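**Q** The file below is protein-v7.cif, mmCIF, N, CA and C atoms:
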```cif
data_coords
loop_
_atom_site.group_PDB
_atom_site.id
_atom_site.type_symbol
_atom_site.label_atom_id
_atom_site.label_comp_id
_atom_site.auth_asym_id
_atom_site.auth_seq_id
_atom_site.Cartn_x
_atom_site.Cartn_y
_atom_site.Cartn_z
ATOM 1 N N MET V 1 16.056 -15.028 -8.515
ATOM 2 C CA MET V 1 15.242 -15.074 -7.313
ATOM 3 C C MET V 1 14.220 -13.929 -7.355
ATOM 4 N N ILE V 2 12.986 -14.234 -7.051
ATOM 5 C CA ILE V 2 11.905 -13.244 -7.068
ATOM 6 C C ILE V 2 11.771 -12.632 -5.680
ATOM 7 N N THR V 3 11.723 -11.305 -5.620
ATOM 8 C CA THR V 3 11.455 -10.608 -4.364
ATOM 9 C C THR V 3 9.968 -10.313 -4.328
ATOM 10 N N THR V 4 9.259 -10.903 -3.362
ATOM 11 C CA THR V 4 7.823 -10.673 -3.248
ATOM 12 C C THR V 4 7.541 -9.748 -2.075
ATOM 13 N N ILE V 5 6.565 -8.890 -2.276
ATOM 14 C CA ILE V 5 6.127 -7.958 -1.244
ATOM 15 C C ILE V 5 4.657 -8.238 -0.980
ATOM 16 N N ARG V 6 4.286 -8.395 0.274
ATOM 17 C CA ARG V 6 2.901 -8.650 0.642
ATOM 18 C C ARG V 6 2.262 -7.356 1.127
ATOM 19 N N ILE V 7 1.172 -6.972 0.448
ATOM 20 C CA ILE V 7 0.400 -5.786 0.816
ATOM 21 C C ILE V 7 -0.920 -6.265 1.400
ATOM 22 N N TYR V 8 -1.246 -5.779 2.582
ATOM 23 C CA TYR V 8 -2.450 -6.203 3.274
ATOM 24 C C TYR V 8 -3.591 -5.229 3.036
ATOM 25 N N GLY V 9 -4.816 -5.747 3.037
ATOM 26 C CA GLY V 9 -6.016 -4.925 2.907
ATOM 27 C C GLY V 9 -6.596 -4.591 4.272
ATOM 28 N N ALA V 10 -7.861 -4.201 4.269
ATOM 29 C CA ALA V 10 -8.531 -3.810 5.511
ATOM 30 C C ALA V 10 -8.916 -5.048 6.308
ATOM 31 N N PRO V 11 -8.575 -5.079 7.614
ATOM 32 C CA PRO V 11 -8.921 -6.241 8.436
ATOM 33 C C PRO V 11 -10.418 -6.325 8.700
ATOM 34 N N ARG V 12 -10.912 -7.565 8.774
ATOM 35 C CA ARG V 12 -12.307 -7.818 9.140
ATOM 36 C C ARG V 12 -12.324 -8.608 10.447
ATOM 37 N N LYS V 13 -13.134 -8.169 11.380
ATOM 38 C CA LYS V 13 -13.214 -8.811 12.698
ATOM 39 C C LYS V 13 -13.976 -10.123 12.572
ATOM 40 N N ARG V 14 -13.388 -11.199 13.059
ATOM 41 C CA ARG V 14 -14.005 -12.527 13.104
ATOM 42 C C ARG V 14 -13.835 -13.079 14.516
ATOM 43 N N ARG V 15 -14.868 -12.963 15.320
ATOM 44 C CA ARG V 15 -14.835 -13.383 16.726
ATOM 45 C C ARG V 15 -13.646 -12.764 17.445
ATOM 46 N N ASP V 16 -12.691 -13.591 17.874
ATOM 47 C CA ASP V 16 -11.546 -13.067 18.625
ATOM 48 C C ASP V 16 -10.323 -12.844 17.736
ATOM 49 N N GLN V 17 -10.486 -13.016 16.418
ATOM 50 C CA GLN V 17 -9.375 -12.806 15.491
ATOM 51 C C GLN V 17 -9.791 -11.862 14.368
ATOM 52 N N TYR V 18 -8.783 -11.404 13.609
ATOM 53 C CA TYR V 18 -9.018 -10.566 12.448
ATOM 54 C C TYR V 18 -8.615 -11.336 11.204
ATOM 55 N N GLU V 19 -9.443 -11.272 10.184
ATOM 56 C CA GLU V 19 -9.117 -11.860 8.893
ATOM 57 C C GLU V 19 -8.650 -10.716 7.991
ATOM 58 N N VAL V 20 -7.420 -10.821 7.491
ATOM 59 C CA VAL V 20 -6.827 -9.739 6.710
ATOM 60 C C VAL V 20 -6.503 -10.252 5.303
ATOM 61 N N PRO V 21 -7.141 -9.665 4.266
ATOM 62 C CA PRO V 21 -6.792 -10.077 2.897
ATOM 63 C C PRO V 21 -5.423 -9.532 2.512
ATOM 64 N N TYR V 22 -4.722 -10.250 1.650
ATOM 65 C CA TYR V 22 -3.404 -9.783 1.205
ATOM 66 C C TYR V 22 -3.217 -10.068 -0.273
ATOM 67 N N THR V 23 -2.279 -9.348 -0.869
ATOM 68 C CA THR V 23 -1.868 -9.547 -2.250
ATOM 69 C C THR V 23 -0.344 -9.577 -2.278
ATOM 70 N N ASP V 24 0.222 -10.605 -2.889
ATOM 71 C CA ASP V 24 1.670 -10.703 -3.059
ATOM 72 C C ASP V 24 2.037 -10.173 -4.440
ATOM 73 N N TYR V 25 3.024 -9.273 -4.479
ATOM 74 C CA TYR V 25 3.504 -8.683 -5.735
ATOM 75 C C TYR V 25 4.949 -9.088 -5.975
ATOM 76 N N ASP V 26 5.307 -9.232 -7.242
ATOM 77 C CA ASP V 26 6.703 -9.354 -7.635
ATOM 78 C C ASP V 26 7.271 -7.938 -7.624
ATOM 79 N N PHE V 27 8.273 -7.689 -6.819
ATOM 80 C CA PHE V 27 8.801 -6.340 -6.641
ATOM 81 C C PHE V 27 9.381 -5.765 -7.929
ATOM 82 N N ASP V 28 10.003 -6.597 -8.767
ATOM 83 C CA ASP V 28 10.664 -6.104 -9.977
ATOM 84 C C ASP V 28 9.685 -5.806 -11.109
ATOM 85 N N THR V 29 8.669 -6.658 -11.291
ATOM 86 C CA THR V 29 7.758 -6.494 -12.419
ATOM 87 C C THR V 29 6.423 -5.871 -12.020
ATOM 88 N N CYS V 30 6.152 -5.722 -10.727
ATOM 89 C CA CYS V 30 4.896 -5.166 -10.196
ATOM 90 C C CYS V 30 3.692 -6.053 -10.509
ATOM 91 N N GLU V 31 3.903 -7.316 -10.848
ATOM 92 C CA GLU V 31 2.805 -8.221 -11.160
ATOM 93 C C GLU V 31 2.284 -8.888 -9.895
ATOM 94 N N ILE V 32 0.982 -9.179 -9.895
ATOM 95 C CA ILE V 32 0.373 -9.896 -8.773
ATOM 96 C C ILE V 32 0.734 -11.368 -8.899
ATOM 97 N N ILE V 33 1.247 -11.936 -7.809
ATOM 98 C CA ILE V 33 1.645 -13.335 -7.801
ATOM 99 C C ILE V 33 0.591 -14.194 -7.115
ATOM 100 N N ASN V 34 0.051 -13.695 -5.998
ATOM 101 C CA ASN V 34 -0.833 -14.500 -5.175
ATOM 102 C C ASN V 34 -1.766 -13.589 -4.385
ATOM 103 N N GLU V 35 -2.964 -14.087 -4.075
ATOM 104 C CA GLU V 35 -3.896 -13.375 -3.216
ATOM 105 C C GLU V 35 -4.485 -14.364 -2.224
ATOM 106 N N GLY V 36 -4.844 -13.875 -1.050
ATOM 107 C CA GLY V 36 -5.427 -14.751 -0.043
ATOM 108 C C GLY V 36 -5.793 -13.972 1.207
ATOM 109 N N THR V 37 -6.022 -14.700 2.293
ATOM 110 C CA THR V 37 -6.312 -14.070 3.580
ATOM 111 C C THR V 37 -5.430 -14.706 4.650
ATOM 112 N N GLU V 38 -5.217 -13.961 5.707
ATOM 113 C CA GLU V 38 -4.402 -14.421 6.821
ATOM 114 C C GLU V 38 -5.100 -14.015 8.115
ATOM 115 N N ASP V 39 -5.049 -14.891 9.122
ATOM 116 C CA ASP V 39 -5.672 -14.593 10.413
ATOM 117 C C ASP V 39 -4.663 -13.973 11.367
ATOM 118 N N PHE V 40 -5.102 -12.944 12.086
ATOM 119 C CA PHE V 40 -4.272 -12.245 13.052
ATOM 120 C C PHE V 40 -5.009 -12.135 14.379
ATOM 121 N N THR V 41 -4.273 -12.270 15.475
ATOM 122 C CA THR V 41 -4.828 -11.900 16.770
ATOM 123 C C THR V 41 -4.698 -10.386 16.896
ATOM 124 N N ARG V 42 -5.393 -9.801 17.856
ATOM 125 C CA ARG V 42 -5.314 -8.355 18.047
ATOM 126 C C ARG V 42 -3.877 -7.913 18.332
ATOM 127 N N GLU V 43 -3.155 -8.685 19.144
ATOM 128 C CA GLU V 43 -1.776 -8.333 19.493
ATOM 129 C C GLU V 43 -0.855 -8.415 18.284
ATOM 130 N N ARG V 44 -0.984 -9.481 17.504
ATOM 131 C CA ARG V 44 -0.129 -9.642 16.319
ATOM 132 C C ARG V 44 -0.426 -8.560 15.288
ATOM 133 N N LEU V 45 -1.700 -8.225 15.124
ATOM 134 C CA LEU V 45 -2.086 -7.201 14.170
ATOM 135 C C LEU V 45 -1.466 -5.853 14.528
ATOM 136 N N SER V 46 -1.495 -5.509 15.818
ATOM 137 C CA SER V 46 -0.982 -4.198 16.237
ATOM 138 C C SER V 46 0.541 -4.116 16.179
ATOM 139 N N CYS V 47 1.251 -5.219 16.387
ATOM 140 C CA CYS V 47 2.715 -5.148 16.392
ATOM 141 C C CYS V 47 3.328 -5.539 15.047
ATOM 142 N N TYR V 48 2.591 -6.228 14.174
ATOM 143 C CA TYR V 48 3.178 -6.745 12.943
ATOM 144 C C TYR V 48 2.993 -5.816 11.746
ATOM 145 N N LEU V 49 1.838 -5.143 11.676
ATOM 146 C CA LEU V 49 1.537 -4.350 10.488
ATOM 147 C C LEU V 49 1.813 -2.875 10.697
ATOM 148 N N LYS V 50 2.294 -2.241 9.639
ATOM 149 C CA LYS V 50 2.477 -0.794 9.623
ATOM 150 C C LYS V 50 1.538 -0.245 8.555
ATOM 151 N N THR V 51 0.828 0.815 8.876
ATOM 152 C CA THR V 51 -0.170 1.394 7.972
ATOM 153 C C THR V 51 0.184 2.834 7.668
ATOM 154 N N ASN V 52 -0.043 3.227 6.422
ATOM 155 C CA ASN V 52 0.159 4.617 6.034
ATOM 156 C C ASN V 52 -0.916 4.992 5.034
ATOM 157 N N VAL V 53 -1.442 6.205 5.170
ATOM 158 C CA VAL V 53 -2.407 6.734 4.210
ATOM 159 C C VAL V 53 -1.657 7.721 3.328
ATOM 160 N N LEU V 54 -1.667 7.463 2.026
ATOM 161 C CA LEU V 54 -0.932 8.274 1.063
ATOM 162 C C LEU V 54 -1.917 8.971 0.138
ATOM 163 N N GLU V 55 -1.557 10.149 -0.323
ATOM 164 C CA GLU V 55 -2.382 10.910 -1.244
ATOM 165 C C GLU V 55 -1.978 10.570 -2.676
ATOM 166 N N LYS V 56 -2.959 10.233 -3.519
ATOM 167 C CA LYS V 56 -2.721 9.893 -4.921
ATOM 168 C C LYS V 56 -2.971 11.162 -5.737
ATOM 169 N N VAL V 57 -1.925 11.675 -6.399
ATOM 170 C CA VAL V 57 -2.027 12.957 -7.103
ATOM 171 C C VAL V 57 -1.438 12.848 -8.516
ATOM 172 N N ARG V 58 -1.782 13.839 -9.352
ATOM 173 C CA ARG V 58 -1.222 13.930 -10.699
ATOM 174 C C ARG V 58 -0.834 15.383 -10.939
ATOM 175 N N ASP V 59 0.306 15.599 -11.556
ATOM 176 C CA ASP V 59 0.813 16.934 -11.864
ATOM 177 C C ASP V 59 -0.092 17.606 -12.893
ATOM 178 N N THR V 60 -0.543 18.851 -12.607
ATOM 179 C CA THR V 60 -1.403 19.581 -13.538
ATOM 180 C C THR V 60 -0.596 20.289 -14.612
ATOM 181 N N GLY V 61 0.699 20.429 -14.397
ATOM 182 C CA GLY V 61 1.541 21.160 -15.338
ATOM 183 C C GLY V 61 1.571 22.654 -15.051
ATOM 184 N N GLU V 62 0.875 23.083 -14.014
ATOM 185 C CA GLU V 62 0.840 24.491 -13.635
ATOM 186 C C GLU V 62 1.612 24.703 -12.341
ATOM 187 N N LYS V 63 1.905 25.968 -12.075
ATOM 188 C CA LYS V 63 2.629 26.330 -10.855
ATOM 189 C C LYS V 63 1.813 27.338 -10.049
ATOM 190 N N HIS V 64 1.957 27.275 -8.728
ATOM 191 C CA HIS V 64 1.413 28.300 -7.854
ATOM 192 C C HIS V 64 2.281 29.557 -7.995
ATOM 193 N N PRO V 65 1.783 30.722 -7.575
ATOM 194 C CA PRO V 65 2.616 31.934 -7.622
ATOM 195 C C PRO V 65 3.929 31.786 -6.850
ATOM 196 N N SER V 66 3.934 30.896 -5.839
ATOM 197 C CA SER V 66 5.153 30.678 -5.062
ATOM 198 C C SER V 66 6.180 29.832 -5.808
ATOM 199 N N GLY V 67 5.758 29.208 -6.935
ATOM 200 C CA GLY V 67 6.672 28.367 -7.700
ATOM 201 C C GLY V 67 6.479 26.884 -7.457
ATOM 202 N N ASN V 68 5.627 26.510 -6.497
ATOM 203 C CA ASN V 68 5.361 25.100 -6.217
ATOM 204 C C ASN V 68 4.430 24.509 -7.271
ATOM 205 N N THR V 69 4.554 23.215 -7.500
ATOM 206 C CA THR V 69 3.737 22.516 -8.478
ATOM 207 C C THR V 69 2.300 22.391 -7.988
ATOM 208 N N LYS V 70 1.333 22.570 -8.907
ATOM 209 C CA LYS V 70 -0.076 22.323 -8.581
ATOM 210 C C LYS V 70 -0.372 20.854 -8.849
ATOM 211 N N TRP V 71 -1.052 20.201 -7.914
ATOM 212 C CA TRP V 71 -1.380 18.781 -8.025
ATOM 213 C C TRP V 71 -2.895 18.607 -8.041
ATOM 214 N N ASP V 72 -3.403 17.721 -8.892
ATOM 215 C CA ASP V 72 -4.795 17.289 -8.842
ATOM 216 C C ASP V 72 -4.857 16.074 -7.931
ATOM 217 N N ARG V 73 -5.758 16.114 -6.970
ATOM 218 C CA ARG V 73 -5.878 15.015 -6.015
ATOM 219 C C ARG V 73 -6.898 14.000 -6.532
ATOM 220 N N TYR V 74 -6.508 12.728 -6.549
ATOM 221 C CA TYR V 74 -7.366 11.654 -7.043
ATOM 222 C C TYR V 74 -7.831 10.723 -5.942
ATOM 223 N N GLY V 75 -7.507 11.003 -4.699
ATOM 224 C CA GLY V 75 -7.970 10.184 -3.593
ATOM 225 C C GLY V 75 -6.840 9.771 -2.679
ATOM 226 N N LEU V 76 -7.191 8.915 -1.740
ATOM 227 C CA LEU V 76 -6.235 8.418 -0.760
ATOM 228 C C LEU V 76 -6.032 6.926 -0.946
ATOM 229 N N VAL V 77 -4.825 6.469 -0.700
ATOM 230 C CA VAL V 77 -4.478 5.057 -0.778
ATOM 231 C C VAL V 77 -4.027 4.631 0.609
ATOM 232 N N THR V 78 -4.670 3.611 1.163
ATOM 233 C CA THR V 78 -4.242 3.074 2.456
ATOM 234 C C THR V 78 -3.353 1.875 2.185
ATOM 235 N N MET V 79 -2.138 1.927 2.683
ATOM 236 C CA MET V 79 -1.173 0.861 2.450
ATOM 237 C C MET V 79 -0.824 0.205 3.770
ATOM 238 N N ARG V 80 -1.016 -1.103 3.838
ATOM 239 C CA ARG V 80 -0.607 -1.881 5.005
ATOM 240 C C ARG V 80 0.404 -2.912 4.543
ATOM 241 N N SER V 81 1.450 -3.083 5.307
ATOM 242 C CA SER V 81 2.419 -4.126 5.003
ATOM 243 C C SER V 81 3.095 -4.507 6.307
ATOM 244 N N SER V 82 3.864 -5.585 6.262
ATOM 245 C CA SER V 82 4.622 -5.927 7.458
ATOM 246 C C SER V 82 5.661 -4.838 7.681
ATOM 247 N N LYS V 83 6.033 -4.630 8.914
ATOM 248 C CA LYS V 83 6.992 -3.565 9.218
ATOM 249 C C LYS V 83 8.327 -3.796 8.515
ATOM 250 N N ALA V 84 8.710 -5.046 8.345
ATOM 251 C CA ALA V 84 9.981 -5.356 7.690
ATOM 252 C C ALA V 84 9.946 -5.009 6.199
ATOM 253 N N ASP V 85 8.774 -5.125 5.575
ATOM 254 C CA ASP V 85 8.649 -4.878 4.134
ATOM 255 C C ASP V 85 8.152 -3.481 3.809
ATOM 256 N N TYR V 86 7.968 -2.623 4.794
ATOM 257 C CA TYR V 86 7.277 -1.357 4.562
ATOM 258 C C TYR V 86 7.972 -0.477 3.516
ATOM 259 N N SER V 87 9.281 -0.296 3.615
ATOM 260 C CA SER V 87 9.957 0.603 2.666
ATOM 261 C C SER V 87 9.907 0.038 1.244
ATOM 262 N N LYS V 88 10.036 -1.280 1.092
ATOM 263 C CA LYS V 88 9.933 -1.892 -0.228
ATOM 264 C C LYS V 88 8.514 -1.775 -0.762
ATOM 265 N N ALA V 89 7.523 -1.936 0.117
ATOM 266 C CA ALA V 89 6.125 -1.820 -0.304
ATOM 267 C C ALA V 89 5.825 -0.400 -0.776
ATOM 268 N N ARG V 90 6.367 0.580 -0.091
ATOM 269 C CA ARG V 90 6.165 1.975 -0.497
ATOM 270 C C ARG V 90 6.777 2.217 -1.879
ATOM 271 N N ARG V 91 7.978 1.692 -2.124
ATOM 272 C CA ARG V 91 8.609 1.840 -3.437
ATOM 273 C C ARG V 91 7.813 1.109 -4.524
ATOM 274 N N LEU V 92 7.270 -0.072 -4.179
ATOM 275 C CA LEU V 92 6.467 -0.833 -5.125
ATOM 276 C C LEU V 92 5.219 -0.052 -5.523
ATOM 277 N N PHE V 93 4.502 0.497 -4.548
ATOM 278 C CA PHE V 93 3.313 1.295 -4.844
ATOM 279 C C PHE V 93 3.685 2.513 -5.681
ATOM 280 N N THR V 94 4.807 3.135 -5.387
ATOM 281 C CA THR V 94 5.255 4.292 -6.157
ATOM 282 C C THR V 94 5.491 3.897 -7.611
ATOM 283 N N LYS V 95 6.117 2.733 -7.852
ATOM 284 C CA LYS V 95 6.359 2.255 -9.214
ATOM 285 C C LYS V 95 5.054 1.959 -9.942
ATOM 286 N N ILE V 96 4.116 1.306 -9.258
ATOM 287 C CA ILE V 96 2.845 0.940 -9.882
ATOM 288 C C ILE V 96 2.081 2.186 -10.293
ATOM 289 N N TYR V 97 1.985 3.169 -9.396
ATOM 290 C CA TYR V 97 1.232 4.372 -9.707
ATOM 291 C C TYR V 97 1.969 5.261 -10.715
ATOM 292 N N ALA V 98 3.293 5.227 -10.743
ATOM 293 C CA ALA V 98 4.050 6.006 -11.733
ATOM 294 C C ALA V 98 3.749 5.488 -13.143
ATOM 295 N N GLN V 99 3.561 4.180 -13.294
ATOM 296 C CA GLN V 99 3.204 3.615 -14.582
ATOM 297 C C GLN V 99 1.844 4.125 -15.050
ATOM 298 N N GLN V 100 0.974 4.483 -14.104
ATOM 299 C CA GLN V 100 -0.364 5.002 -14.423
ATOM 300 C C GLN V 100 -0.379 6.524 -14.503
ATOM 301 N N GLY V 101 0.760 7.176 -14.268
ATOM 302 C CA GLY V 101 0.852 8.621 -14.353
ATOM 303 C C GLY V 101 0.523 9.343 -13.061
ATOM 304 N N PHE V 102 0.501 8.624 -11.932
ATOM 305 C CA PHE V 102 0.191 9.220 -10.647
ATOM 306 C C PHE V 102 1.437 9.282 -9.773
ATOM 307 N N LYS V 103 1.347 10.043 -8.720
ATOM 308 C CA LYS V 103 2.409 10.139 -7.723
ATOM 309 C C LYS V 103 1.778 9.989 -6.347
ATOM 310 N N LEU V 104 2.500 9.398 -5.411
ATOM 311 C CA LEU V 104 2.015 9.274 -4.038
ATOM 312 C C LEU V 104 2.742 10.281 -3.167
ATOM 313 N N ARG V 105 1.983 11.016 -2.328
ATOM 314 C CA ARG V 105 2.613 11.934 -1.398
ATOM 315 C C ARG V 105 2.062 11.699 -0.020
#
```
Please lay out the structure from this file as C-alpha coordinates.
**A**
Amino acid sequence: MITTIRIYGAPRKRRDQYEVPYTDYDFDTCEIINEGTEDFTRERLSCYLKTNVLEKVRDTGEKHPSGNTKWDRYGLVTMRSSKADYSKARRLFTKIYAQQGFKLR
(Lines of atoms letter the chains of each structure in order from A and count residues from 1; the text may use other names and numbers.)
(Lines give C-alpha, C1' and ligand atoms only; values in the text may rest on other atoms or scores of the structure.)
Protein backbone atom coordinates (compact mmCIF):
# COMPACT_ATOMS: atom_id res chain seq x y z
CA MET A 1 0.00 0.00 0.00
CA ILE A 2 1.35 3.43 -0.97
CA THR A 3 1.16 6.26 1.58
CA THR A 4 0.63 9.51 -0.31
CA ILE A 5 1.12 12.96 1.14
CA ARG A 6 -0.44 16.01 -0.51
CA ILE A 7 1.58 19.24 -0.34
CA TYR A 8 -0.25 22.41 -1.31
CA GLY A 9 1.20 25.47 -3.04
CA ALA A 10 0.25 29.13 -2.80
CA PRO A 11 -3.50 29.79 -3.15
CA ARG A 12 -4.76 32.00 -5.98
CA LYS A 13 -7.97 33.99 -5.52
CA ARG A 14 -10.69 33.16 -8.07
CA ARG A 15 -13.85 35.19 -7.44
CA ASP A 16 -15.34 33.78 -4.23
CA GLN A 17 -13.05 30.72 -4.11
CA TYR A 18 -9.34 29.94 -3.95
CA GLU A 19 -7.58 27.70 -6.44
CA VAL A 20 -4.76 25.84 -4.69
CA PRO A 21 -2.18 23.79 -6.64
CA TYR A 22 -1.04 20.54 -5.04
CA THR A 23 1.52 17.79 -5.50
CA ASP A 24 1.02 14.22 -4.26
CA TYR A 25 4.18 12.41 -3.09
CA ASP A 26 4.84 8.78 -2.29
CA PHE A 27 5.94 9.01 1.34
CA ASP A 28 8.39 6.07 1.15
CA THR A 29 10.19 6.89 -2.11
CA CYS A 30 9.70 10.71 -2.15
CA GLU A 31 8.55 10.48 -5.79
CA ILE A 32 5.89 12.74 -7.27
CA ILE A 33 2.76 10.76 -8.05
CA ASN A 34 0.27 13.40 -9.15
CA GLU A 35 -0.15 17.16 -9.56
CA GLY A 36 -3.27 19.27 -9.91
CA THR A 37 -5.40 22.01 -8.40
CA GLU A 38 -8.20 22.01 -5.86
CA ASP A 39 -10.84 24.66 -5.12
CA PHE A 40 -11.34 25.93 -1.58
CA THR A 41 -13.80 28.33 -0.01
CA ARG A 42 -12.32 30.87 2.39
CA GLU A 43 -13.69 28.93 5.39
CA ARG A 44 -12.38 25.56 4.20
CA LEU A 45 -8.98 27.05 3.39
CA SER A 46 -8.60 28.55 6.87
CA CYS A 47 -9.68 25.43 8.78
CA TYR A 48 -8.25 22.68 6.53
CA LEU A 49 -4.69 23.76 5.75
CA LYS A 50 -1.76 24.19 8.09
CA THR A 51 1.17 26.33 6.91
CA ASN A 52 4.72 26.54 8.16
CA VAL A 53 7.72 28.51 6.91
CA LEU A 54 10.94 26.53 7.33
CA GLU A 55 14.53 27.64 6.89
CA LYS A 56 16.59 25.64 4.35
CA VAL A 57 20.19 25.39 5.63
CA ARG A 58 23.42 23.45 5.07
CA ASP A 59 26.10 22.66 7.65
CA THR A 60 29.31 24.67 7.02
CA GLY A 61 31.43 22.26 9.05
CA GLU A 62 32.47 25.08 11.38
CA LYS A 63 31.49 25.91 14.94
CA HIS A 64 30.71 29.16 16.72
CA PRO A 65 32.86 29.96 19.79
CA SER A 66 29.90 28.76 21.88
CA GLY A 67 30.16 25.31 20.26
CA ASN A 68 27.00 25.59 18.13
CA THR A 69 27.08 24.57 14.48
CA LYS A 70 27.38 27.30 11.83
CA TRP A 71 24.71 27.01 9.11
CA ASP A 72 24.62 28.52 5.61
CA ARG A 73 21.12 29.73 4.86
CA TYR A 74 19.76 28.87 1.39
CA GLY A 75 16.28 30.37 1.72
CA LEU A 76 12.86 29.68 3.11
CA VAL A 77 10.46 26.88 2.23
CA THR A 78 6.73 27.42 2.70
CA MET A 79 4.97 24.14 3.37
CA ARG A 80 1.20 23.76 3.29
CA SER A 81 -0.58 20.50 3.91
CA SER A 82 -3.79 19.26 5.41
CA LYS A 83 -3.72 19.38 9.19
CA ALA A 84 -4.07 15.59 9.36
CA ASP A 85 -1.01 15.06 7.12
CA TYR A 86 1.16 17.84 8.54
CA SER A 87 3.63 15.75 10.58
CA LYS A 88 4.09 13.26 7.73
CA ALA A 89 4.54 16.12 5.25
CA ARG A 90 7.22 17.66 7.46
CA ARG A 91 9.08 14.31 7.61
CA LEU A 92 8.72 13.92 3.82
CA PHE A 93 10.23 17.37 3.17
CA THR A 94 13.03 16.58 5.63
CA LYS A 95 13.82 13.35 3.71
CA ILE A 96 13.75 15.09 0.32
CA TYR A 97 16.06 17.89 1.40
CA ALA A 98 18.39 15.50 3.28
CA GLN A 99 18.97 13.68 -0.03
CA GLN A 100 20.10 17.06 -1.45
CA GLY A 101 22.37 17.76 1.54
CA PHE A 102 20.10 20.34 3.19
CA LYS A 103 18.36 20.51 6.55
CA LEU A 104 15.10 22.24 7.48
CA ARG A 105 14.88 24.25 10.69
**Q** Can you tell me which residues surround range 17-28 of chain V at a distance of at most 5 Å, considering only N, CA and C atoms, apart from same-chain residues fewer than 6 positions away, and format the answer as number ranges by chain?
**A** V: 3-9, 11, 34-41
**Q** With the file shown as input, list the residues that the PyMOL selection byres ((chain V and resi 76-91) around 8) selects, as an MDAnalysis selection string.
**A** chainID V and resid 4:10 27 47:57 73:75 92:97
**Q** In Å, rounded to a single decimal, give me how far atom C of Gly61 in chain V is from atom N of Leu104 in chain V.
**A**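 Distance between the two atoms: 16.4 Å.
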**Q** By how many Å are atom N of Ile2 in chain V and CA of Arg105 in chain V apart?
**A** 28.7 Å
**Q** Give me, as a ChimeraX atom specification, the residues of chain V that a backbone DSSP run labels strand (DSSP E or B).
**A** /V:4-8,12-14,17-26,32-40,49-63,69-82,103-104
**Q** Just give me the gap between atom N of Gln99 in chain V and CA of Pro65 in chain V in Å, one decimal is fine.
**A**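 So the two atoms, atom N of Gln99 in chain V and CA of Pro65 in chain V, lie 28.3 Å apart.
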**Q** Please, which residues of chain V, numbered as in this document, come out helix (DSSP H, G or I) from DSSP, as a list of chain:residue names?
**A**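 Output for chain V, helix (DSSP H, G or I) only: V:Arg42, V:Glu43, V:Arg44, V:Leu45, V:Ser46, V:Cys47, V:Tyr48, V:Lys83, V:Ala84, V:Asp85, V:Tyr86, V:Ser87, V:Lys88, V:Ala89, V:Arg90, V:Arg91, V:Leu92, V:Phe93, V:Thr94, V:Lys95, V:Ile96, V:Tyr97, V:Ala98, V:Gln99.
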**Q** The PyMOL selection byres (((chain V and resi 60 and name CA) around 10) and name CA) on the file shown: which residues, as a ChimeraX atom specification?
**A** /V:57-59,61-63,69-73
**Q** Please, what is the axis-aligned box for every listed atom of range 28-42 of chain V with 4 Å on each side, as centre and edge lengths in Å to one decimal, as AutoDock Vina command-line options?
**A**
```
--center_x 2.2 --center_y -10.0 --center_z 3.0 --size_x 25.0 --size_y 17.7 --size_z 38.8
```
